[in-house]
Amino acid sequence: MRRLLCVHVFLCCLSMAHPFCPSQCTCVFHGRNDGIGTRSVLCNDPDMSDIPVNVPVDTVKLRIEKTAVRRVPTEAFYYLSDLRYLWITYNSINSVDTGSFYNLKVLHELRLDGNMISMFPWESLKEMPRLRTLDLHNNRLTNVPTEAIPYLLNITYLDLSSNKLATLPSNLMDIWPPFNGAPISKNSSQKIVLGLQDNPWYCDCKISKLIEISKMTDSPVVLMDLFLTCSAPENLAGVLFQRAELDNCVKPIVMTSATKITSYLGSNVLLRCDATGMPTPNLYWARSEGSPVNNTVQESPGEGIKWSIMSLHGILPKDAGNYSCKATNVAGSAEATISLSVAGTISTTVPPVRQSTATAPTSQGTTLTPTTEISASTIVTSTVPPRTTPTQPTVPKKPKTTPSNGLQKGSLKQMKNQQGENGRKLAADEKSKKSDASKSVKDLKIVEETADSAVLLWTADGLPNDAPLTVVYSPYGEDDTKRTEETNAGSGKVLLEGLSSGMRYSVCLIAKGSDAGKDPCIDFYTLEIVEDGGQNQLFMIISGIACALILPLIALLLYKILALYWKGRDPALDEEELEKESYVKFETISMKQRTLNSHPTEFWARRATHDSERMLLCSRSSIDSQMTYKSDSSRSEYLC
């Protein structure tokens with residue numbers, strides 16, 4: 001019986017050591033003398049069209065090669081929690097799901113080379129926190145998105161060769177030395193291996209860091225093929241990375257006017273930063289916790305230069321903190337920080353009231369107790385006696401015979417004197433209080449209102465010139481955005497700045513020690529900004545039309561005046577001048593046939609008139625023209 005039990009246990013152990021293997025795969029167990037080993041599975045049947053689902057759970061290395069598998073489904077290997085090496089190479093895979101590698105927590109190496117993958121689910125890499133080798137060469141990848149960068153931080157071997165990549169994210173190289181700022185180690189085991197050859201690279205600023213790495217002699221990033229070549233643009237086609245010179249490619253540099261700024265509560269603050277770089281960088285403002293900031297404006301006065309201004313209106317304590325200005329372009333990024341502090345913060349905690357412990361005795365045991373008066377801006381402690389009804393002192397009955405009557409009379413007289421003194425003090429205090437109440441600020445009015453400012457005037461009645469005053473103003477009905485200005489009673493006016501156009505404001509003037517709720521206040525409106533661009537444009541159009549109509553009329557008028565001027569000149573004088581300048585006056589000249597006896601150097605001109613024909617002879621022009629005579633049929637040169 002014991003022997004049969006031993007045989008059963010042996011068979012169970014044997015079945016565990018040799019679990020079921022898929023029919024189209026080969027399973028190999030690599031054991032050791034201590035009974036511990038690893039299992040590898042090879043599936044290379046050309047007729048296999050799906051990922052096998054009955055692979056032994058203790059498999060450490062799975063190879064699916066040269067099959068007809070076209071897709072890696074979701075959670076295809078979730079039960080292989082011990083899998084460390086997964087090779088799915090030289091198949092026909094064109095689709096990989098986001099959850100295909102779920103639960104592969106210890107996977108160290110993933111190879112998908114030799115397939116037809118055009119889009120890889122980079123976010124699936126988060127399911128493999130121990131992955132170090134990723135081989136995607138000889139596929140159809142066209143880009144690596146920026147979102148993939150966080151998932152590549154732990155990769156030390158990345159092969160993207162023989163794809164269709166033309167560019168890479170400009171900040172991809174920032175995750176590796178020397179661009180991530182980490183110290184460069186000479187340990188070869190800590191180097192990063194990149195395979196990027198056989199891709200149609202477009203050499204511009206986006207891959208400027210990759211080109212820079214190819215020129216380094218000792219870099220922590222090792223390229224499998226040092227002879228990477230540019231395919232575009234045309235002027236760099238066929239040029240090696242090591243010899244490529246990129247124009248207009250400079251990482252941004254950010255400068256600020258100050259690193260620390262302290263401003264008073266309620267004031268307006270402008271923060272400015274300037275950046276240079278090629279191409280011209282973009283600027284972004286953000287708080288220390290990363291939240292973006294609005295109310296910014298930026299401008300580029302020239303190529304490679306840009307500045308940005310962030311405005312804060314009526315700053316509050318919550319506006320204090322660090323503000324970062326970040327500049328980015330395809331060549332890289334840079335940032336600078338400005339620290340803002342707010343002075344004069346408002347405390348909402350009411351300080352404890354100081355009470356005097358001294359009491360003044362009154363008649364019949366009545367004492368003066370301290371009371372406290374609190375206004376909106378100050379806390380004033382004063383001693384005010386309570387109103388009491390005077391009572392007649394009880395006069396002890398006069399004993400018939402006793403030697404102490406004189407003492408009792410003296411005591412009664414002393415009490416009366418003390419009561420009279422307390423009454424005089426009470427009257428003085430009441431008079432002092434009435435006198436203080438009569439001192440106030442009055443005649444508040446607003447003058448010189450503009451779109452963003454106004455001047456507050458007042459008259460101080462009975463207050464000293466150096467008496468402190470607090471001006472509190474805010475948009476009407478918005479008490480949570482109050483602003484304050486400190487001044488004194490003698491100034492008589494204060495300028496309110498940083499206002500919004502076309503709004504109603506409330507302003508109050510608070511004197512130190514005044515009663516709460518009795519401070520003088522006034523409401524006013526700021527002026528509205530009237531946009532007159534449309535009126536100016538209409539005026540320009542009307543002016544242009546008027547000029548177009550009037551100028552031709554003026555020209556025509558001038559022409560008429562000149563014509564009349566020349567027509568009015570003396571005609572006899574004109575005729576005399578014409579005779580001086582010509583040989584003959586005629587309407588038409590016609591040639592008359594020469595006679596046989598005429599001189600060869602003469603010709604006749606006939607002028608038709610109403611009375612007769614007059615024959616005019618034009619003398620020959622010069623002796624030189626006579627020498628040109630050749631024959632009877634030729635003409636000499638004459639000047640008529």
# chains A, B, ... in the order shown; residues from 1 in each chain; ligands from 1
>>> residues_around(residues="region 446-454 of chain A", least_positions_apart="5", cutoff="9 Å", atoms="only C-alpha atoms", output="VMD selection string")
chain A and resid 494 to 503 522 to 529
>>> write_last_selection(atoms="all heavy atoms", output="short mmCIF file (atom, residue, chain, number, x, y, z; two decimals), in the first residue's frame")
data_model
loop_
_atom_site.label_atom_id
_atom_site.label_comp_id
_atom_site.auth_asym_id
_atom_site.auth_seq_id
_atom_site.Cartn_x
_atom_site.Cartn_y
_atom_site.Cartn_z
N VAL A 494 -6.91 111.91 -2.85
CA VAL A 494 -6.16 110.69 -3.14
C VAL A 494 -6.56 110.23 -4.54
O VAL A 494 -7.70 110.39 -4.96
CB VAL A 494 -6.43 109.60 -2.08
CG1 VAL A 494 -7.86 109.11 -2.18
CG2 VAL A 494 -5.47 108.43 -2.26
N LEU A 495 -5.59 109.67 -5.25
CA LEU A 495 -5.82 109.17 -6.61
C LEU A 495 -6.15 107.69 -6.56
O LEU A 495 -5.40 106.89 -6.00
CB LEU A 495 -4.58 109.41 -7.47
CG LEU A 495 -4.64 108.86 -8.90
CD1 LEU A 495 -5.76 109.53 -9.69
CD2 LEU A 495 -3.30 109.03 -9.60
N LEU A 496 -7.30 107.32 -7.14
CA LEU A 496 -7.72 105.92 -7.21
C LEU A 496 -7.38 105.40 -8.60
O LEU A 496 -7.92 105.90 -9.61
CB LEU A 496 -9.22 105.79 -6.95
CG LEU A 496 -9.73 106.44 -5.66
CD1 LEU A 496 -11.24 106.27 -5.55
CD2 LEU A 496 -9.02 105.87 -4.45
N GLU A 497 -6.47 104.42 -8.68
CA GLU A 497 -6.01 103.91 -9.98
C GLU A 497 -6.43 102.46 -10.16
O GLU A 497 -6.90 101.80 -9.24
CB GLU A 497 -4.47 104.02 -10.07
CG GLU A 497 -3.96 105.44 -10.02
CD GLU A 497 -2.45 105.49 -10.12
OE1 GLU A 497 -1.80 104.87 -9.26
OE2 GLU A 497 -1.93 106.14 -11.04
N GLY A 498 -6.20 101.97 -11.37
CA GLY A 498 -6.49 100.57 -11.67
C GLY A 498 -7.97 100.26 -11.77
O GLY A 498 -8.38 99.13 -11.52
N LEU A 499 -8.80 101.24 -12.12
CA LEU A 499 -10.23 101.02 -12.23
C LEU A 499 -10.59 100.52 -13.62
O LEU A 499 -9.83 100.66 -14.58
CB LEU A 499 -10.98 102.34 -11.94
CG LEU A 499 -10.61 103.06 -10.63
CD1 LEU A 499 -11.41 104.33 -10.49
CD2 LEU A 499 -10.82 102.14 -9.43
N SER A 500 -11.76 99.94 -13.73
CA SER A 500 -12.28 99.45 -15.01
C SER A 500 -13.23 100.49 -15.58
O SER A 500 -13.97 101.16 -14.85
CB SER A 500 -13.00 98.11 -14.83
OG SER A 500 -12.12 97.14 -14.31
N SER A 501 -13.22 100.61 -16.90
CA SER A 501 -14.02 101.63 -17.56
C SER A 501 -15.51 101.28 -17.52
O SER A 501 -15.88 100.11 -17.58
CB SER A 501 -13.56 101.80 -19.01
OG SER A 501 -13.77 100.59 -19.72
N GLY A 502 -16.35 102.33 -17.40
CA GLY A 502 -17.80 102.16 -17.47
C GLY A 502 -18.40 101.39 -16.31
O GLY A 502 -19.43 100.74 -16.48
N MET A 503 -17.79 101.42 -15.12
CA MET A 503 -18.30 100.66 -13.98
C MET A 503 -18.65 101.62 -12.83
O MET A 503 -18.12 102.72 -12.71
CB MET A 503 -17.27 99.63 -13.50
CG MET A 503 -17.08 98.45 -14.44
SD MET A 503 -16.04 97.18 -13.69
CE MET A 503 -17.07 96.71 -12.28
N ILE A 522 -19.31 107.27 -0.84
CA ILE A 522 -19.85 107.89 -2.05
C ILE A 522 -19.71 106.92 -3.20
O ILE A 522 -18.78 106.10 -3.22
CB ILE A 522 -19.12 109.23 -2.35
CG1 ILE A 522 -19.84 110.00 -3.46
CG2 ILE A 522 -17.68 108.97 -2.73
CD1 ILE A 522 -19.26 111.38 -3.70
N ASP A 523 -20.64 106.97 -4.15
CA ASP A 523 -20.59 106.14 -5.35
C ASP A 523 -20.28 107.02 -6.56
O ASP A 523 -20.65 108.20 -6.61
CB ASP A 523 -21.93 105.43 -5.58
CG ASP A 523 -22.25 104.44 -4.47
OD1 ASP A 523 -21.32 104.09 -3.71
OD2 ASP A 523 -23.42 104.03 -4.36
N PHE A 524 -19.60 106.43 -7.54
CA PHE A 524 -19.28 107.17 -8.77
C PHE A 524 -19.12 106.18 -9.92
O PHE A 524 -19.03 104.97 -9.72
CB PHE A 524 -18.00 107.99 -8.60
CG PHE A 524 -16.76 107.16 -8.41
CD1 PHE A 524 -15.94 106.83 -9.48
CD2 PHE A 524 -16.41 106.68 -7.15
CE1 PHE A 524 -14.81 106.07 -9.31
CE2 PHE A 524 -15.28 105.92 -6.97
CZ PHE A 524 -14.48 105.61 -8.05
N TYR A 525 -19.08 106.70 -11.11
CA TYR A 525 -18.92 105.91 -12.33
C TYR A 525 -17.65 106.34 -13.05
O TYR A 525 -17.33 107.54 -13.12
CB TYR A 525 -20.12 106.07 -13.28
CG TYR A 525 -21.39 105.44 -12.80
CD1 TYR A 525 -22.26 106.11 -11.97
CD2 TYR A 525 -21.70 104.14 -13.19
CE1 TYR A 525 -23.43 105.52 -11.53
CE2 TYR A 525 -22.87 103.54 -12.76
CZ TYR A 525 -23.74 104.23 -11.93
OH TYR A 525 -24.90 103.64 -11.50
N THR A 526 -16.93 105.38 -13.61
CA THR A 526 -15.80 105.69 -14.47
C THR A 526 -16.28 105.88 -15.91
O THR A 526 -17.36 105.41 -16.28
CB THR A 526 -14.76 104.56 -14.43
OG1 THR A 526 -15.40 103.32 -14.77
CG2 THR A 526 -14.14 104.43 -13.06
N LEU A 527 -15.49 106.60 -16.67
CA LEU A 527 -15.87 106.89 -18.05
C LEU A 527 -15.71 105.65 -18.91
O LEU A 527 -14.89 104.78 -18.64
CB LEU A 527 -15.00 108.02 -18.61
CG LEU A 527 -15.07 109.36 -17.85
CD1 LEU A 527 -14.19 110.38 -18.53
CD2 LEU A 527 -16.50 109.87 -17.80
N GLU A 528 -16.51 105.58 -19.95
CA GLU A 528 -16.43 104.49 -20.90
C GLU A 528 -15.49 104.85 -22.04
O GLU A 528 -15.42 106.01 -22.47
CB GLU A 528 -17.81 104.15 -21.48
CG GLU A 528 -18.79 103.60 -20.45
CD GLU A 528 -20.09 103.16 -21.09
OE1 GLU A 528 -20.20 103.30 -22.32
OE2 GLU A 528 -20.98 102.69 -20.37
N ILE A 529 -14.77 103.85 -22.52
CA ILE A 529 -13.87 104.05 -23.65
C ILE A 529 -14.68 103.93 -24.92
O ILE A 529 -15.27 102.89 -25.21
CB ILE A 529 -12.73 103.01 -23.64
CG1 ILE A 529 -11.90 103.15 -22.35
CG2 ILE A 529 -11.86 103.16 -24.87
CD1 ILE A 529 -10.80 102.12 -22.23
#
>>> residues_around(residues="region 230-241 of chain A", least_positions_apart="2", cutoff="8 Å", atoms="only C-alpha atoms", output="list of chain:residue names")
A:Pro200, A:Trp201, A:Tyr202, A:Cys203, A:Ile211, A:Ser214, A:Lys215, A:Phe227, A:Leu228, A:Arg243, A:Ala244
>>> atom_distance(atom1="CA of Ala76 (chain A)", atom2="CA of Ile192 (chain A)")
29.6 Å
>>> residues_around(residues="region 504-514 of chain A", least_positions_apart="3", cutoff="6 Å", atoms="only C-alpha atoms", output="list in words")
Leu469, Thr470, Val471, Val472, Tyr473, Ser474, Pro475, Tyr476, Asp519, Pro520, Cys521, Ile522, Asp523, Phe524 and Tyr525 of chain A
>>> write_last_selection(atoms="C-alpha atoms", output="PDB file, in the first residue's frame")
ATOM      1  CA  LEU A 469      -7.187 107.797   7.059  1.00  0.00           C
ATOM      2  CA  THR A 470      -7.967 104.619   5.104  1.00  0.00           C
ATOM      3  CA  VAL A 471      -9.617 104.775   1.682  1.00  0.00           C
ATOM      4  CA  VAL A 472     -11.563 101.593   0.866  1.00  0.00           C
ATOM      5  CA  TYR A 473     -13.032 101.216  -2.632  1.00  0.00           C
ATOM      6  CA  SER A 474     -14.434  98.408  -4.757  1.00  0.00           C
ATOM      7  CA  PRO A 475     -16.898  97.824  -7.609  1.00  0.00           C
ATOM      8  CA  TYR A 476     -20.440  98.430  -6.420  1.00  0.00           C
ATOM      9  CA  ASP A 519     -17.939 106.368   7.805  1.00  0.00           C
ATOM     10  CA  PRO A 520     -18.702 108.672   4.841  1.00  0.00           C
ATOM     11  CA  CYS A 521     -19.104 106.872   1.521  1.00  0.00           C
ATOM     12  CA  ILE A 522     -19.853 107.891  -2.045  1.00  0.00           C
ATOM     13  CA  ASP A 523     -20.591 106.141  -5.351  1.00  0.00           C
ATOM     14  CA  PHE A 524     -19.282 107.165  -8.767  1.00  0.00           C
ATOM     15  CA  TYR A 525     -18.921 105.907 -12.331  1.00  0.00           C
TER      16      TYR A 525
END
>>> residues_around(residues="Val57 (chain A)", least_positions_apart="2", cutoff="8 Å", atoms="only C-alpha atoms", output="VMD selection string")
chain A and resid 55 59 79 to 82
>>> write_last_selection(atoms="all heavy atoms", output="PDB file, in the first residue's frame")
ATOM      1  N   VAL A  55      -0.632  27.717 -23.296  1.00  0.00           N
ATOM      2  CA  VAL A  55       0.802  27.657 -23.016  1.00  0.00           C
ATOM      3  C   VAL A  55       0.994  27.369 -21.528  1.00  0.00           C
ATOM      4  O   VAL A  55       0.245  27.902 -20.689  1.00  0.00           O
ATOM      5  CB  VAL A  55       1.473  28.982 -23.415  1.00  0.00           C
ATOM      6  CG1 VAL A  55       2.957  28.959 -23.086  1.00  0.00           C
ATOM      7  CG2 VAL A  55       1.259  29.256 -24.898  1.00  0.00           C
ATOM      8  N   THR A  59       5.870  29.106 -18.062  1.00  0.00           N
ATOM      9  CA  THR A  59       6.747  29.453 -19.167  1.00  0.00           C
ATOM     10  C   THR A  59       7.455  30.774 -18.864  1.00  0.00           C
ATOM     11  O   THR A  59       6.850  31.760 -18.436  1.00  0.00           O
ATOM     12  CB  THR A  59       5.946  29.592 -20.475  1.00  0.00           C
ATOM     13  OG1 THR A  59       5.298  28.329 -20.742  1.00  0.00           O
ATOM     14  CG2 THR A  59       6.842  29.960 -21.636  1.00  0.00           C
ATOM     15  N   TYR A  79      -2.180  35.074 -18.184  1.00  0.00           N
ATOM     16  CA  TYR A  79      -1.955  33.973 -17.243  1.00  0.00           C
ATOM     17  C   TYR A  79      -0.489  33.596 -17.142  1.00  0.00           C
ATOM     18  O   TYR A  79      -0.107  32.781 -16.299  1.00  0.00           O
ATOM     19  CB  TYR A  79      -2.774  32.746 -17.665  1.00  0.00           C
ATOM     20  CG  TYR A  79      -2.462  32.239 -19.059  1.00  0.00           C
ATOM     21  CD1 TYR A  79      -1.521  31.237 -19.255  1.00  0.00           C
ATOM     22  CD2 TYR A  79      -3.097  32.782 -20.170  1.00  0.00           C
ATOM     23  CE1 TYR A  79      -1.224  30.784 -20.527  1.00  0.00           C
ATOM     24  CE2 TYR A  79      -2.817  32.334 -21.435  1.00  0.00           C
ATOM     25  CZ  TYR A  79      -1.877  31.335 -21.629  1.00  0.00           C
ATOM     26  OH  TYR A  79      -1.583  30.885 -22.890  1.00  0.00           O
ATOM     27  N   LEU A  80       0.376  34.182 -17.973  1.00  0.00           N
ATOM     28  CA  LEU A  80       1.810  33.872 -17.942  1.00  0.00           C
ATOM     29  C   LEU A  80       2.514  34.903 -17.068  1.00  0.00           C
ATOM     30  O   LEU A  80       3.264  35.761 -17.549  1.00  0.00           O
ATOM     31  CB  LEU A  80       2.380  33.859 -19.356  1.00  0.00           C
ATOM     32  CG  LEU A  80       1.742  32.860 -20.334  1.00  0.00           C
ATOM     33  CD1 LEU A  80       2.348  32.999 -21.724  1.00  0.00           C
ATOM     34  CD2 LEU A  80       1.889  31.435 -19.828  1.00  0.00           C
ATOM     35  N   SER A  81       2.267  34.837 -15.788  1.00  0.00           N
ATOM     36  CA  SER A  81       2.799  35.846 -14.872  1.00  0.00           C
ATOM     37  C   SER A  81       4.308  35.745 -14.681  1.00  0.00           C
ATOM     38  O   SER A  81       4.926  36.687 -14.190  1.00  0.00           O
ATOM     39  CB  SER A  81       2.100  35.726 -13.514  1.00  0.00           C
ATOM     40  OG  SER A  81       2.272  34.412 -12.975  1.00  0.00           O
ATOM     41  N   ASP A  82       4.912  34.606 -15.069  1.00  0.00           N
ATOM     42  CA  ASP A  82       6.361  34.441 -14.927  1.00  0.00           C
ATOM     43  C   ASP A  82       7.112  34.707 -16.230  1.00  0.00           C
ATOM     44  O   ASP A  82       8.329  34.522 -16.280  1.00  0.00           O
ATOM     45  CB  ASP A  82       6.687  33.016 -14.452  1.00  0.00           C
ATOM     46  CG  ASP A  82       6.140  32.748 -13.051  1.00  0.00           C
ATOM     47  OD1 ASP A  82       6.037  33.719 -12.278  1.00  0.00           O
ATOM     48  OD2 ASP A  82       5.823  31.585 -12.745  1.00  0.00           O
TER      49      ASP A  82
END
>>> closest_residue(among="A:Leu134, A:Leu270, A:Ile253, A:Met310", to="Glu335 (chain A)", atoms="only C-alpha atoms")
A:Ile253
>>> residues_around(residues="Met216 (chain A)", least_positions_apart="6", cutoff="12 Å", atoms="only C-alpha atoms", output="list in words")
Pro178, Lys209, Leu210, Val222, Leu223, Leu226, Phe241, Gln242 and Arg243 of chain A
>>> residues_around(residues="Ser162 (chain A)", least_positions_apart="3", cutoff="7 Å", atoms="only C-alpha atoms", output="list of chain:residue names")
A:His137, A:Asn138, A:Asn139, A:Gln197, A:Asp198, A:Asn199
>>> residues_around(residues="Trp458 (chain A)", least_positions_apart="3", cutoff="8 Å", atoms="only C-alpha atoms", output="MDAnalysis selection string")
chainID A and resid 441:445 492:493
>>> write_last_selection(atoms="N, CA, C and O atoms", output="PDB file, in the first residue's frame")
ATOM      1  N   VAL A 441     -14.798 113.612   8.870  1.00  0.00           N
ATOM      2  CA  VAL A 441     -14.450 113.909   7.479  1.00  0.00           C
ATOM      3  C   VAL A 441     -15.743 114.097   6.712  1.00  0.00           C
ATOM      4  O   VAL A 441     -16.667 113.280   6.824  1.00  0.00           O
ATOM      5  N   LYS A 442     -15.852 115.156   5.952  1.00  0.00           N
ATOM      6  CA  LYS A 442     -17.095 115.429   5.239  1.00  0.00           C
ATOM      7  C   LYS A 442     -16.790 115.992   3.861  1.00  0.00           C
ATOM      8  O   LYS A 442     -15.632 116.146   3.480  1.00  0.00           O
ATOM      9  N   ASP A 443     -17.850 116.285   3.140  1.00  0.00           N
ATOM     10  CA  ASP A 443     -17.770 116.852   1.789  1.00  0.00           C
ATOM     11  C   ASP A 443     -16.974 115.953   0.841  1.00  0.00           C
ATOM     12  O   ASP A 443     -16.067 116.381   0.124  1.00  0.00           O
ATOM     13  N   LEU A 444     -17.281 114.644   0.859  1.00  0.00           N
ATOM     14  CA  LEU A 444     -16.634 113.729  -0.082  1.00  0.00           C
ATOM     15  C   LEU A 444     -17.166 113.977  -1.490  1.00  0.00           C
ATOM     16  O   LEU A 444     -18.384 114.109  -1.684  1.00  0.00           O
ATOM     17  N   LYS A 445     -16.294 114.022  -2.452  1.00  0.00           N
ATOM     18  CA  LYS A 445     -16.706 114.136  -3.855  1.00  0.00           C
ATOM     19  C   LYS A 445     -15.619 113.597  -4.773  1.00  0.00           C
ATOM     20  O   LYS A 445     -14.446 113.544  -4.394  1.00  0.00           O
ATOM     21  N   GLY A 492      -6.160 115.836   1.810  1.00  0.00           N
ATOM     22  CA  GLY A 492      -7.378 116.324   1.192  1.00  0.00           C
ATOM     23  C   GLY A 492      -7.783 115.636  -0.087  1.00  0.00           C
ATOM     24  O   GLY A 492      -8.876 115.874  -0.600  1.00  0.00           O
ATOM     25  N   LYS A 493      -6.949 114.799  -0.636  1.00  0.00           N
ATOM     26  CA  LYS A 493      -7.304 114.089  -1.866  1.00  0.00           C
ATOM     27  C   LYS A 493      -6.435 112.851  -2.012  1.00  0.00           C
ATOM     28  O   LYS A 493      -5.364 112.749  -1.417  1.00  0.00           O
TER      29      LYS A 493
END
>>> atom_distance(atom1="CA of Gln24 (chain A)", atom2="CA of Ile51 (chain A)")
10.7 Å
>>> select_by_dssp(residues="region 112-254 of chain A", states="helix (DSSP H, G or I)", output="NGL selection string")
:A and (122-127 or 146-152 or 172-175 or 188-190 or 205-214 or 234-236 or 241-243)
>>> select_by_dssp(residues="region 11-156 of chain A", states="strand (DSSP E or B)", output="VMD selection string")
chain A and resid 25 to 31 37 to 43 59 to 65 71 to 72 85 to 89 95 to 96 109 to 111 133 to 135
